[in-house]
Every structure is written in structure tokens, then in C-alpha cells.
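Peer 1: My structure is stored as target_39.cif, with mmCIF, C-alpha atoms.
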data_my_file
#
loop_
_atom_site.label_atom_id
_atom_site.label_comp_id
_atom_site.auth_asym_id
_atom_site.auth_seq_id
_atom_site.Cartn_x
_atom_site.Cartn_y
_atom_site.Cartn_z
CA MET A 1 9.44 84.48 -94.36
CA THR A 2 12.20 82.72 -92.48
CA PRO A 3 15.14 84.73 -91.11
CA GLU A 4 17.31 83.27 -93.87
CA GLU A 5 14.83 84.37 -96.56
CA LEU A 6 14.58 87.83 -95.03
CA LEU A 7 18.36 88.25 -95.01
CA ALA A 8 18.66 87.11 -98.62
CA ALA A 9 15.98 89.60 -99.69
CA PHE A 10 17.58 92.41 -97.70
CA HIS A 11 21.01 91.73 -99.16
CA SER A 12 19.66 91.74 -102.69
CA GLN A 13 17.27 94.68 -102.42
CA ILE A 14 19.16 96.98 -100.05
CA ARG A 15 22.86 96.20 -99.84
CA LEU A 16 23.20 95.48 -103.58
CA ARG A 17 20.96 98.38 -104.58
CA PRO A 18 22.61 100.26 -107.51
CA PRO A 19 24.27 103.48 -106.29
CA GLU A 20 22.55 105.45 -109.04
CA GLN A 21 19.19 104.73 -107.38
CA GLU A 22 20.25 106.66 -104.28
CA ASP A 23 19.45 110.36 -104.15
CA VAL A 24 20.22 112.48 -101.08
CA PRO A 25 20.94 116.21 -101.48
CA GLY A 26 24.65 116.98 -101.30
CA MET A 27 25.68 113.32 -101.13
CA VAL A 28 27.62 111.11 -103.55
CA PHE A 29 26.90 107.39 -103.86
CA ASP A 30 29.53 105.52 -105.87
CA SER A 31 31.79 102.47 -105.90
CA ASP A 32 35.53 101.88 -105.90
CA GLY A 33 35.97 98.27 -106.94
CA PRO A 34 34.04 96.17 -104.40
CA VAL A 35 33.70 99.09 -101.95
CA ARG A 36 30.49 101.10 -101.96
CA ARG A 37 30.89 104.69 -100.75
CA ARG A 38 28.58 107.42 -99.45
CA TYR A 39 30.11 110.85 -98.80
CA PRO A 40 29.34 114.56 -99.19
CA GLU A 41 30.04 116.36 -102.48
CA GLN A 42 32.09 118.92 -100.56
CA PRO A 43 34.02 118.09 -97.37
CA GLN A 44 31.72 118.97 -94.48
CA THR A 45 30.22 117.50 -91.34
CA LEU A 46 27.91 114.92 -92.87
CA TYR A 47 27.72 111.16 -92.62
CA ARG A 48 30.33 109.17 -94.57
CA MET A 49 30.01 105.41 -94.88
CA VAL A 50 31.48 102.54 -96.87
CA GLU A 51 30.68 98.84 -97.03
CA CYS A 52 31.56 95.77 -99.09
CA PRO A 53 28.40 93.70 -99.67
CA GLU A 54 30.11 91.43 -102.21
CA GLY A 55 33.31 90.96 -100.19
CA LEU A 56 36.79 92.35 -100.87
CA GLY A 57 38.15 89.65 -103.14
CA ASP A 58 41.70 88.29 -103.14
CA ASP A 59 43.44 91.46 -101.91
CA PRO A 60 41.28 93.02 -99.17
CA ASP A 61 44.09 95.16 -97.77
CA HIS A 62 44.43 96.92 -101.12
CA TRP A 63 40.83 98.11 -101.02
CA ILE A 64 41.02 99.02 -97.35
CA GLY A 65 44.10 101.10 -98.15
CA ARG A 66 42.27 102.88 -100.95
CA VAL A 67 39.47 103.86 -98.57
CA VAL A 68 42.00 105.19 -96.06
CA ASP A 69 43.81 107.18 -98.76
CA PHE A 70 40.60 108.56 -100.27
CA PHE A 71 39.13 109.94 -97.06
CA THR A 72 42.46 111.02 -95.63
CA ALA A 73 43.03 113.10 -98.77
CA ARG A 74 39.63 114.73 -98.22
CA GLY A 75 40.45 115.43 -94.58
CA GLU A 76 37.45 113.39 -93.46
CA SER A 77 36.68 110.51 -91.16
CA VAL A 78 34.61 107.59 -92.39
CA GLU A 79 32.60 104.70 -91.00
CA TRP A 80 33.05 101.24 -92.50
CA LYS A 81 29.77 99.46 -91.83
CA THR A 82 30.47 95.75 -91.49
CA TYR A 83 28.09 92.82 -91.27
CA ASP A 84 29.15 89.60 -89.60
CA TYR A 85 28.69 87.63 -92.83
CA ASP A 86 30.94 89.93 -94.90
CA GLU A 87 34.11 88.61 -96.50
CA PRO A 88 36.86 88.34 -95.53
CA ARG A 89 35.86 86.89 -92.21
CA ASP A 90 38.67 88.78 -90.49
CA LEU A 91 37.58 92.12 -91.94
CA GLY A 92 37.31 93.72 -88.49
CA SER A 93 40.89 92.92 -87.53
CA ARG A 94 42.16 94.13 -90.92
CA LEU A 95 40.31 97.42 -90.44
CA ALA A 96 41.72 97.78 -86.92
CA ALA A 97 45.22 97.26 -88.29
CA ARG A 98 44.71 100.28 -90.57
CA GLY A 99 43.54 102.56 -87.77
CA PHE A 100 39.78 101.96 -87.73
CA ALA A 101 38.25 101.91 -84.25
CA LYS A 102 35.53 99.37 -83.49
CA GLU A 103 32.27 100.80 -82.14
CA ASP A 104 29.27 99.12 -80.54
CA ASP A 105 27.55 96.23 -82.28
CA GLU A 106 23.95 96.58 -83.43
CA ALA A 107 21.44 93.89 -84.33
CA LEU A 108 20.21 93.82 -87.92
CA MET A 109 16.49 93.18 -87.35
CA LEU A 110 14.20 92.24 -90.24
CA GLY A 111 10.53 91.34 -90.38
CA GLU A 112 7.05 92.35 -91.44
CA SER A 113 5.91 95.96 -91.15
CA ALA A 114 2.47 94.81 -90.00
CA ALA A 115 4.01 93.40 -86.83
CA LEU A 116 5.00 96.91 -85.75
CA SER A 117 1.96 98.89 -86.85
CA GLU A 118 -0.48 98.37 -83.96
CA VAL A 119 -1.43 101.77 -82.54
CA VAL A 120 0.06 102.49 -79.12
CA ASP A 121 -1.38 104.80 -76.46
CA LEU A 122 0.66 107.90 -75.80
CA PRO A 123 1.15 109.67 -72.46
CA PRO A 124 -1.48 112.34 -71.78
CA GLY A 125 -0.88 115.50 -73.78
CA VAL A 126 1.60 113.93 -76.22
CA THR A 127 0.81 113.69 -79.93
CA LEU A 128 2.58 112.46 -83.05
CA ARG A 129 2.99 114.55 -86.18
CA GLU A 130 5.00 114.46 -89.38
CA ALA A 131 7.79 117.04 -89.59
CA THR A 132 6.89 119.57 -92.28
CA ARG A 133 8.24 122.93 -91.09
CA ASP A 134 11.77 124.26 -90.93
CA LEU A 135 11.15 124.71 -87.21
CA ASP A 136 10.42 120.99 -86.87
CA PHE A 137 13.83 120.09 -88.23
CA GLU A 138 15.49 122.70 -86.02
CA ARG A 139 13.82 121.03 -83.05
CA ILE A 140 15.13 117.65 -84.19
CA GLY A 141 18.61 119.17 -84.37
CA ASP A 142 18.16 120.52 -80.85
CA LEU A 143 17.09 117.08 -79.59
CA HIS A 144 20.07 115.37 -81.21
CA ALA A 145 22.44 117.98 -79.76
CA LEU A 146 20.95 117.39 -76.31
CA VAL A 147 21.22 113.60 -76.45
CA TRP A 148 24.26 112.97 -78.66
CA GLY A 149 26.33 116.15 -78.46
CA GLU A 150 26.42 119.57 -80.09
CA GLU A 151 28.05 118.25 -83.27
CA TRP A 152 24.81 116.38 -84.06
CA ARG A 153 22.71 119.56 -84.25
CA ALA A 154 23.35 119.77 -88.01
CA HIS A 155 21.55 116.47 -88.56
CA GLY A 156 18.19 118.22 -88.45
CA GLU A 157 19.16 120.30 -91.48
CA VAL A 158 20.47 117.22 -93.29
CA LEU A 159 17.08 115.56 -92.82
CA ARG A 160 15.25 118.69 -93.95
CA LEU A 161 17.20 118.81 -97.21
CA GLU A 162 16.67 115.11 -97.87
CA GLN A 163 12.95 115.36 -97.17
CA GLU A 164 12.65 118.46 -99.35
CA ARG A 165 14.26 116.64 -102.27
CA ASP A 166 11.85 113.69 -102.15
CA PRO A 167 9.03 113.92 -99.58
CA ASP A 168 7.76 110.46 -100.54
CA ALA A 169 11.07 108.74 -99.81
CA LEU A 170 11.65 110.13 -96.31
CA ARG A 171 8.93 110.59 -93.69
CA VAL A 172 9.92 112.08 -90.33
CA ILE A 173 7.80 111.73 -87.17
CA ILE A 174 7.96 113.90 -84.06
CA ALA A 175 6.40 113.22 -80.65
CA GLU A 176 5.54 116.50 -78.94
CA GLU A 177 3.42 118.26 -76.35
CA ASP A 178 3.49 121.57 -78.20
CA PRO A 179 4.48 122.18 -81.86
CA ASP A 180 6.68 125.07 -80.77
CA ALA A 181 8.25 123.38 -77.73
CA PRO A 182 11.19 120.94 -77.67
CA ALA A 183 10.62 117.65 -79.50
CA LEU A 184 10.20 114.67 -77.17
CA CYS A 185 11.13 111.96 -79.68
CA ALA A 186 12.04 111.99 -83.37
CA ALA A 187 12.50 109.20 -85.90
CA TRP A 188 12.19 108.67 -89.61
CA VAL A 189 11.47 106.00 -92.18
CA ARG A 190 13.08 105.72 -95.59
CA LEU A 191 10.98 104.24 -98.38
CA PRO A 192 13.31 103.25 -101.22
CA PRO A 193 11.56 102.63 -104.54
CA GLU A 194 11.70 99.15 -106.05
CA SER A 195 12.18 97.50 -102.67
CA GLU A 196 9.88 95.62 -100.32
CA PHE A 197 11.83 97.02 -97.37
CA SER A 198 11.42 100.27 -95.55
CA SER A 199 14.16 101.21 -93.11
CA MET A 200 13.59 102.73 -89.69
CA TRP A 201 16.12 105.20 -88.29
CA GLY A 202 16.41 107.48 -85.31
CA GLY A 203 14.16 107.06 -82.31
CA THR A 204 16.09 109.59 -80.21
CA THR A 205 14.06 110.36 -77.09
CA HIS A 206 14.39 113.31 -74.70
CA PRO A 207 16.02 112.07 -71.47
CA ASP A 208 13.01 113.18 -69.41
CA TRP A 209 10.62 111.14 -71.54
CA ARG A 210 12.32 107.77 -71.82
CA ARG A 211 10.50 104.52 -70.95
CA GLN A 212 7.08 106.09 -71.50
CA GLY A 213 6.26 104.37 -74.79
CA LEU A 214 7.32 107.12 -77.19
CA TYR A 215 9.75 104.95 -79.16
CA ARG A 216 7.11 102.24 -79.56
CA ALA A 217 4.44 104.74 -80.66
CA VAL A 218 6.72 106.42 -83.20
CA LEU A 219 7.71 102.97 -84.48
CA ALA A 220 4.05 102.04 -85.02
CA ARG A 221 3.33 105.26 -86.92
CA ARG A 222 6.29 104.69 -89.24
CA ALA A 223 5.30 101.07 -89.84
CA ALA A 224 1.80 102.20 -90.83
CA ILE A 225 3.32 104.71 -93.26
CA ALA A 226 5.54 102.00 -94.74
CA LEU A 227 2.60 99.63 -95.25
CA GLU A 228 0.53 102.35 -96.91
CA ALA A 229 3.47 103.11 -99.22
CA GLY A 230 3.73 99.46 -100.30
CA HIS A 231 6.67 98.25 -98.19
CA PRO A 232 5.58 95.05 -96.40
CA LEU A 233 9.04 94.36 -94.93
CA VAL A 234 11.11 96.44 -92.54
CA ARG A 235 14.75 96.82 -91.53
CA VAL A 236 15.96 98.23 -88.20
CA ASP A 237 19.53 98.45 -86.89
CA ALA A 238 18.74 97.95 -83.23
CA SER A 239 20.60 98.93 -80.10
CA PRO A 240 20.53 96.61 -77.07
CA ASP A 241 17.68 98.74 -75.69
CA SER A 242 15.55 98.44 -78.84
CA GLU A 243 16.24 94.81 -79.73
CA PRO A 244 14.01 93.25 -77.02
CA ILE A 245 11.09 95.46 -78.09
CA LEU A 246 11.48 94.49 -81.74
CA THR A 247 11.92 90.80 -80.89
CA ARG A 248 8.66 90.79 -78.90
CA LEU A 249 6.95 92.34 -81.92
CA GLY A 250 8.10 89.54 -84.22
CA LEU A 251 11.22 90.88 -85.91
CA HIS A 252 14.23 88.58 -86.31
CA ARG A 253 17.86 89.26 -85.55
CA VAL A 254 19.44 88.00 -88.77
CA ALA A 255 22.96 89.43 -88.45
CA THR A 256 25.18 91.73 -86.43
CA THR A 257 26.34 95.02 -87.91
CA THR A 258 29.40 96.73 -86.46
CA PRO A 259 30.77 100.16 -87.39
CA TYR A 260 34.51 100.72 -87.64
CA VAL A 261 35.44 104.42 -87.69
CA LEU A 262 38.58 105.94 -89.13
CA GLY A 263 39.24 109.15 -87.21
CA ASP A 264 36.78 111.14 -85.13
CA PRO A 265 33.43 110.55 -86.89
CA LEU A 266 32.27 114.16 -86.53
CA ALA A 267 35.36 116.31 -86.05
CA GLY A 268 38.39 117.50 -87.91
CA ASP A 269 36.73 118.25 -91.25
#
Hey, can you dump this file as C-alpha cells for me?
Peer 2:
Amino acid sequence: MTPEELLAAFHSQIRLRPPEQEDVPGMVFDSDGPVRRRYPEQPQTLYRMVECPEGLGDDPDHWIGRVVDFFTARGESVEWKTYDYDEPRDLGSRLAARGFAKEDDEALMLGESAALSEVVDLPPGVTLREATRDLDFERIGDLHALVWGEEWRAHGEVLRLEQERDPDALRVIIAEEDPDAPALCAAWVRLPPESEFSSMWGGTTHPDWRRQGLYRAVLARRAAIALEAGHPLVRVDASPDSEPILTRLGLHRVATTTPYVLGDPLAGD
């Protein structure tokens, strides 16, 4: 598939996916006009995101204002996930005018799962395993707290609940030396039904184990899982560190995605 064909398929199958097909414990997926929202049922420290895959129509500031009012009333921050082909073209500046802070760009990378699935040698003593125990998710929380800050420790429990709800839709991989020792790398793949695409997330690596092939090995394991589950295409939101790896493996940068955050994304709830 060409990059243009991949983007069209992604937009149709993922961004325009009906909210009622989403199912994550404790989370609401709904729409307010052209804005699609994801937020917790009860105000708490969990991920909140909105986007506008079909544009914002003739009065974009009206819908932006409704997002601000909705999450302000809940006492929560929110991320507006933008893509560089979204309408209006000046969406970023309109969000900034309403108090959203621009964060780092990421590359939307799309391609074939098979390109990523070749088995990679691991450092001596390191193995890969699917997270199945409560302790595994605690270790993922510990790793996220170490790398991203203490507020991210709760993410391990969020993943555990999501995986418990539907083990076939979320598969989590850990790189480790010992199943009871700190995790060295953790990442997960979501396998949405009725879509050709899987989506790869995470890839957080312990600072002492970076640049030793763990990210690449965990990526290959997830790609193999996706292929076995019937998802021939893959989506990755790539950082500048990951993009060159994915490009060498045959994925295409088809767009840029940029988060705009209203308020501190993980504080003040």
C-alpha cells in the first residue's frame, strides 16, 4: 500500500471508529458534535483525550470552548490530539489561544506488521514474556514512575484493568532478567476488532538498558502477535528516537500528530 492508501485506511478504520466499539474499564468514549472524547467515568488521574477527525465545521471556536468548559467543570486537564491534516488548518493556534499548551510532535507511522516481526537477538540473560500477573503490572508502574515521574505509576494498574476486561484486545510484553526483578522494557499492542490495524504503544526502557535492542525486540514480538491475531497493518506514534528504526523497517511517516494540553496533564484532579 502507498502512504496515501495507508493514511486513508487508518483514518477510516481507526479515527472514525464508532465510539461504542471502544471498551476500556472506567473510561467513557463519546462525541460532542464533531469532537470525539475519551475520559474517565469519575474524575481521577487517567488519560483524557479529544480529537476532531472530521474537522470542526464553520464555528471551530465554539467546539473548542465546549471542550474547555466540559473538562474545566470536571476539574480535569485534557489532551487534544491533533493531526496535521485536521481542519481547520489553524487548529493549533486556536487551541493555544484558549490556553492549550503545545507539546512535542510525533510521527504517525503506518505500514505492514510483517516488516516489524523478524525475531531480534536479546542481550544475554534477557527474555520477553507477556504480562499476566498483578506483579507484572506493578513492575510496569514502577518502570513508568522511574522514567516519566511518580504520577505515571498508576498506569500499570490502568493497563491491568484494561487487559483483564478483554485479554484478546490488549497484549502487554515485558523484557526482564528475572520475573520478580524490575522490568527492563514494557510495551503493549492493541488489537481492535473489525480493523486491519493494530496499534503499538509504550516501549519505555529502563535507563540502564537503553540502546541494547530491547525496544526492537519488544516491537518484533508485538508485530508477531498482531499478525497472528489477523492485523496485517500497524500504527505507531513515533518519537524522534523511534522514527529512524521504524523507517528502516519499512514503515511510512504519513502525518504528524501533535498533542495540545489544557492544564497539567497529570495533576490537579
Peer 1: For A:Ala169, which of A:Ala229, A:Ala183, A:Ala96, A:Leu108 is the closest residue, counting only C-alpha atoms?
Peer 2: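 Of A:Ala229, A:Ala183, A:Ala96, A:Leu108, the one nearest A:Ala169, counting only C-alpha atoms, is A:Ala229.
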Peer 1: Measuring between all atoms listed in the file, which one of A:Val68, A:Leu128, A:Val24, A:Val120 shows the shortest distance to A:Pro192?
Peer 2: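 Closest residue, counting all atoms listed in the file: A:Val24.
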Peer 1: Return the single residue from A:Arg36, A:Arg171, A:Arg153, A:His231 that is closest to A:Ile140, with distances computed using all atoms listed in the file.
Peer 2: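 Among A:Arg36, A:Arg171, A:Arg153, A:His231, it is A:Arg153 that comes nearest to A:Ile140.
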Peer 1: Point out the residue among A:Gly141, A:Arg48, A:Val254, A:Asp134 with the least atom-to-atom distance to A:Tyr85, counting all atoms listed in the file.
Peer 2: A:Val254
Peer 1: Just say which residues the PyMOL selection byres ((chain A and resi 246) around 12) picks in this file, as a PyMOL selection string.
Peer 2: chain A and resi 107-113+115-117+200+215-216+219-220+234-245+247-253
Peer 1: Write a file of the just-selected residues containing C-alpha atoms, as a PDB file, in the coordinates of the input.
Peer 2:
ATOM      1  CA  ALA A 107      21.440  93.890 -84.330  1.00  0.00           C
ATOM      2  CA  LEU A 108      20.210  93.820 -87.920  1.00  0.00           C
ATOM      3  CA  MET A 109      16.490  93.180 -87.350  1.00  0.00           C
ATOM      4  CA  LEU A 110      14.200  92.240 -90.240  1.00  0.00           C
ATOM      5  CA  GLY A 111      10.530  91.340 -90.380  1.00  0.00           C
ATOM      6  CA  GLU A 112       7.050  92.350 -91.440  1.00  0.00           C
ATOM      7  CA  SER A 113       5.910  95.960 -91.150  1.00  0.00           C
ATOM      8  CA  ALA A 115       4.010  93.400 -86.830  1.00  0.00           C
ATOM      9  CA  LEU A 116       5.000  96.910 -85.750  1.00  0.00           C
ATOM     10  CA  SER A 117       1.960  98.890 -86.850  1.00  0.00           C
ATOM     11  CA  MET A 200      13.590 102.730 -89.690  1.00  0.00           C
ATOM     12  CA  TYR A 215       9.750 104.950 -79.160  1.00  0.00           C
ATOM     13  CA  ARG A 216       7.110 102.240 -79.560  1.00  0.00           C
ATOM     14  CA  LEU A 219       7.710 102.970 -84.480  1.00  0.00           C
ATOM     15  CA  ALA A 220       4.050 102.040 -85.020  1.00  0.00           C
ATOM     16  CA  VAL A 234      11.110  96.440 -92.540  1.00  0.00           C
ATOM     17  CA  ARG A 235      14.750  96.820 -91.530  1.00  0.00           C
ATOM     18  CA  VAL A 236      15.960  98.230 -88.200  1.00  0.00           C
ATOM     19  CA  ASP A 237      19.530  98.450 -86.890  1.00  0.00           C
ATOM     20  CA  ALA A 238      18.740  97.950 -83.230  1.00  0.00           C
ATOM     21  CA  SER A 239      20.600  98.930 -80.100  1.00  0.00           C
ATOM     22  CA  PRO A 240      20.530  96.610 -77.070  1.00  0.00           C
ATOM     23  CA  ASP A 241      17.680  98.740 -75.690  1.00  0.00           C
ATOM     24  CA  SER A 242      15.550  98.440 -78.840  1.00  0.00           C
ATOM     25  CA  GLU A 243      16.240  94.810 -79.730  1.00  0.00           C
ATOM     26  CA  PRO A 244      14.010  93.250 -77.020  1.00  0.00           C
ATOM     27  CA  ILE A 245      11.090  95.460 -78.090  1.00  0.00           C
ATOM     28  CA  THR A 247      11.920  90.800 -80.890  1.00  0.00           C
ATOM     29  CA  ARG A 248       8.660  90.790 -78.900  1.00  0.00           C
ATOM     30  CA  LEU A 249       6.950  92.340 -81.920  1.00  0.00           C
ATOM     31  CA  GLY A 250       8.100  89.540 -84.220  1.00  0.00           C
ATOM     32  CA  LEU A 251      11.220  90.880 -85.910  1.00  0.00           C
ATOM     33  CA  HIS A 252      14.230  88.580 -86.310  1.00  0.00           C
ATOM     34  CA  ARG A 253      17.860  89.260 -85.550  1.00  0.00           C
TER      35      ARG A 253
END
Peer 1: Translate the PyMOL selection byres ((chain A and resi 53-60) around 8), as applied to the file shown, into an explicit residue set as a list in words.
Peer 2: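 When the PyMOL selection byres ((chain A and resi 53-60) around 8) is applied, the selected residues are His11, Arg15, Leu16, Pro34, Val35, Glu51, Cys52, Asp61, His62, Trp63, Ile64, Asp86, Glu87 and Pro88 of chain A.
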Peer 1: Could you write out as a ChimeraX atom specification the residues that the PyMOL selection byres ((chain A and resi 10) around 10) matches in the shown file?
Peer 2: /A:4-9,11-17,110,195-197,233-235
Peer 1: Given all atoms listed in the file as the basis, pick out the residue of A:Ala255, A:Glu228, A:Asp208, A:Leu262 nearest to A:Val67.
Peer 2: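 Of A:Ala255, A:Glu228, A:Asp208, A:Leu262, the one nearest A:Val67, counting all atoms listed in the file, is A:Leu262.
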Peer 1: Can you pull out every residue within 8 Å of A:Ala226, counting all atoms listed in the file, but drop anything in the same chain fewer than 3 positions away, and send it as a PDB file with C-alpha atoms, in the coordinates of the input?
Peer 2:
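Dumped to around-v6.pdb:
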ATOM      1  CA  SER A 113       5.910  95.960 -91.150  1.00  0.00           C
ATOM      2  CA  VAL A 189      11.470 106.000 -92.180  1.00  0.00           C
ATOM      3  CA  LEU A 191      10.980 104.240 -98.380  1.00  0.00           C
ATOM      4  CA  SER A 198      11.420 100.270 -95.550  1.00  0.00           C
ATOM      5  CA  ARG A 222       6.290 104.690 -89.240  1.00  0.00           C
ATOM      6  CA  ALA A 223       5.300 101.070 -89.840  1.00  0.00           C
ATOM      7  CA  ALA A 229       3.470 103.110 -99.220  1.00  0.00           C
ATOM      8  CA  GLY A 230       3.730  99.460-100.300  1.00  0.00           C
ATOM      9  CA  HIS A 231       6.670  98.250 -98.190  1.00  0.00           C
ATOM     10  CA  PRO A 232       5.580  95.050 -96.400  1.00  0.00           C
TER      11      PRO A 232
END
Peer 1: Any idea what the distance is between atom CA of A:Thr2 and atom CA of A:Val119?
Peer 2: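 Distance reported for this atom pair: 25.4 Å.
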Peer 1: Within 12 Å of (24.0, 121.8, -84.9), in the coordinates the file gives, what residues turn up when you count all atoms listed in the file, written out as a count of residues only?
Peer 2: 24
Peer 1: When you count only C-alpha atoms, which of these residues is closest to A:Asp32: A:Val218, A:Phe71, A:Arg66, A:Pro3?
Peer 2: A:Arg66
Peer 1: Counting all atoms listed in the file, which residues come within 9 Å of (10.6, 114.7, -80.0), with the point read in the file's coordinates, and could you list them as a ChimeraX atom specification?
Peer 2: /A:128,139-140,143,173-177,182-187,203-206,214
Peer 1: Which residues, written as a ChimeraX atom specification, have at least one atom at most 8 Å from A:Tyr83, with only C-alpha atoms counted and residues fewer than 4 positions away on the same chain left out?
Peer 2: /A:255-258
Peer 1: For the atom pair atom CA of A:Ser93 and atom CA of A:Gly263, what is the interatomic distance in Å to one decimal place?
Peer 2: 16.3 Å
Peer 1: Separation of atom CA of A:Gly75 and atom CA of A:Ser31, in Å?
Peer 2: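 These atoms are spaced 19.3 Å apart.
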Peer 1: Sorted by chain and rising residue number, list the residues of stretch 97-160 of chain A at most 12 Å from stretch 76-80 of chain A (counting only C-alpha atoms), each with its closest atom pair and distance in Å to one decimal, as JSON lines.
Peer 2:
{"residue": "A:Arg98", "atom": "CA", "partner": "A:Trp80", "partner_atom": "CA", "distance": 11.9}
{"residue": "A:Gly99", "atom": "CA", "partner": "A:Ser77", "partner_atom": "CA", "distance": 11.0}
{"residue": "A:Phe100", "atom": "CA", "partner": "A:Trp80", "partner_atom": "CA", "distance": 8.3}
{"residue": "A:Ala101", "atom": "CA", "partner": "A:Glu79", "partner_atom": "CA", "distance": 9.2}
{"residue": "A:Lys102", "atom": "CA", "partner": "A:Trp80", "partner_atom": "CA", "distance": 9.5}
{"residue": "A:Glu103", "atom": "CA", "partner": "A:Glu79", "partner_atom": "CA", "distance": 9.7}
Peer 1: Keeping C-alpha atoms for every residue in the selection just given, could you write it to a file as a PDB file, in the coordinates of the input?
Peer 2:
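Output (out-v3.pdb):
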ATOM      1  CA  ARG A  98      44.710 100.280 -90.570  1.00  0.00           C
ATOM      2  CA  GLY A  99      43.540 102.560 -87.770  1.00  0.00           C
ATOM      3  CA  PHE A 100      39.780 101.960 -87.730  1.00  0.00           C
ATOM      4  CA  ALA A 101      38.250 101.910 -84.250  1.00  0.00           C
ATOM      5  CA  LYS A 102      35.530  99.370 -83.490  1.00  0.00           C
ATOM      6  CA  GLU A 103      32.270 100.800 -82.140  1.00  0.00           C
TER       7      GLU A 103
END
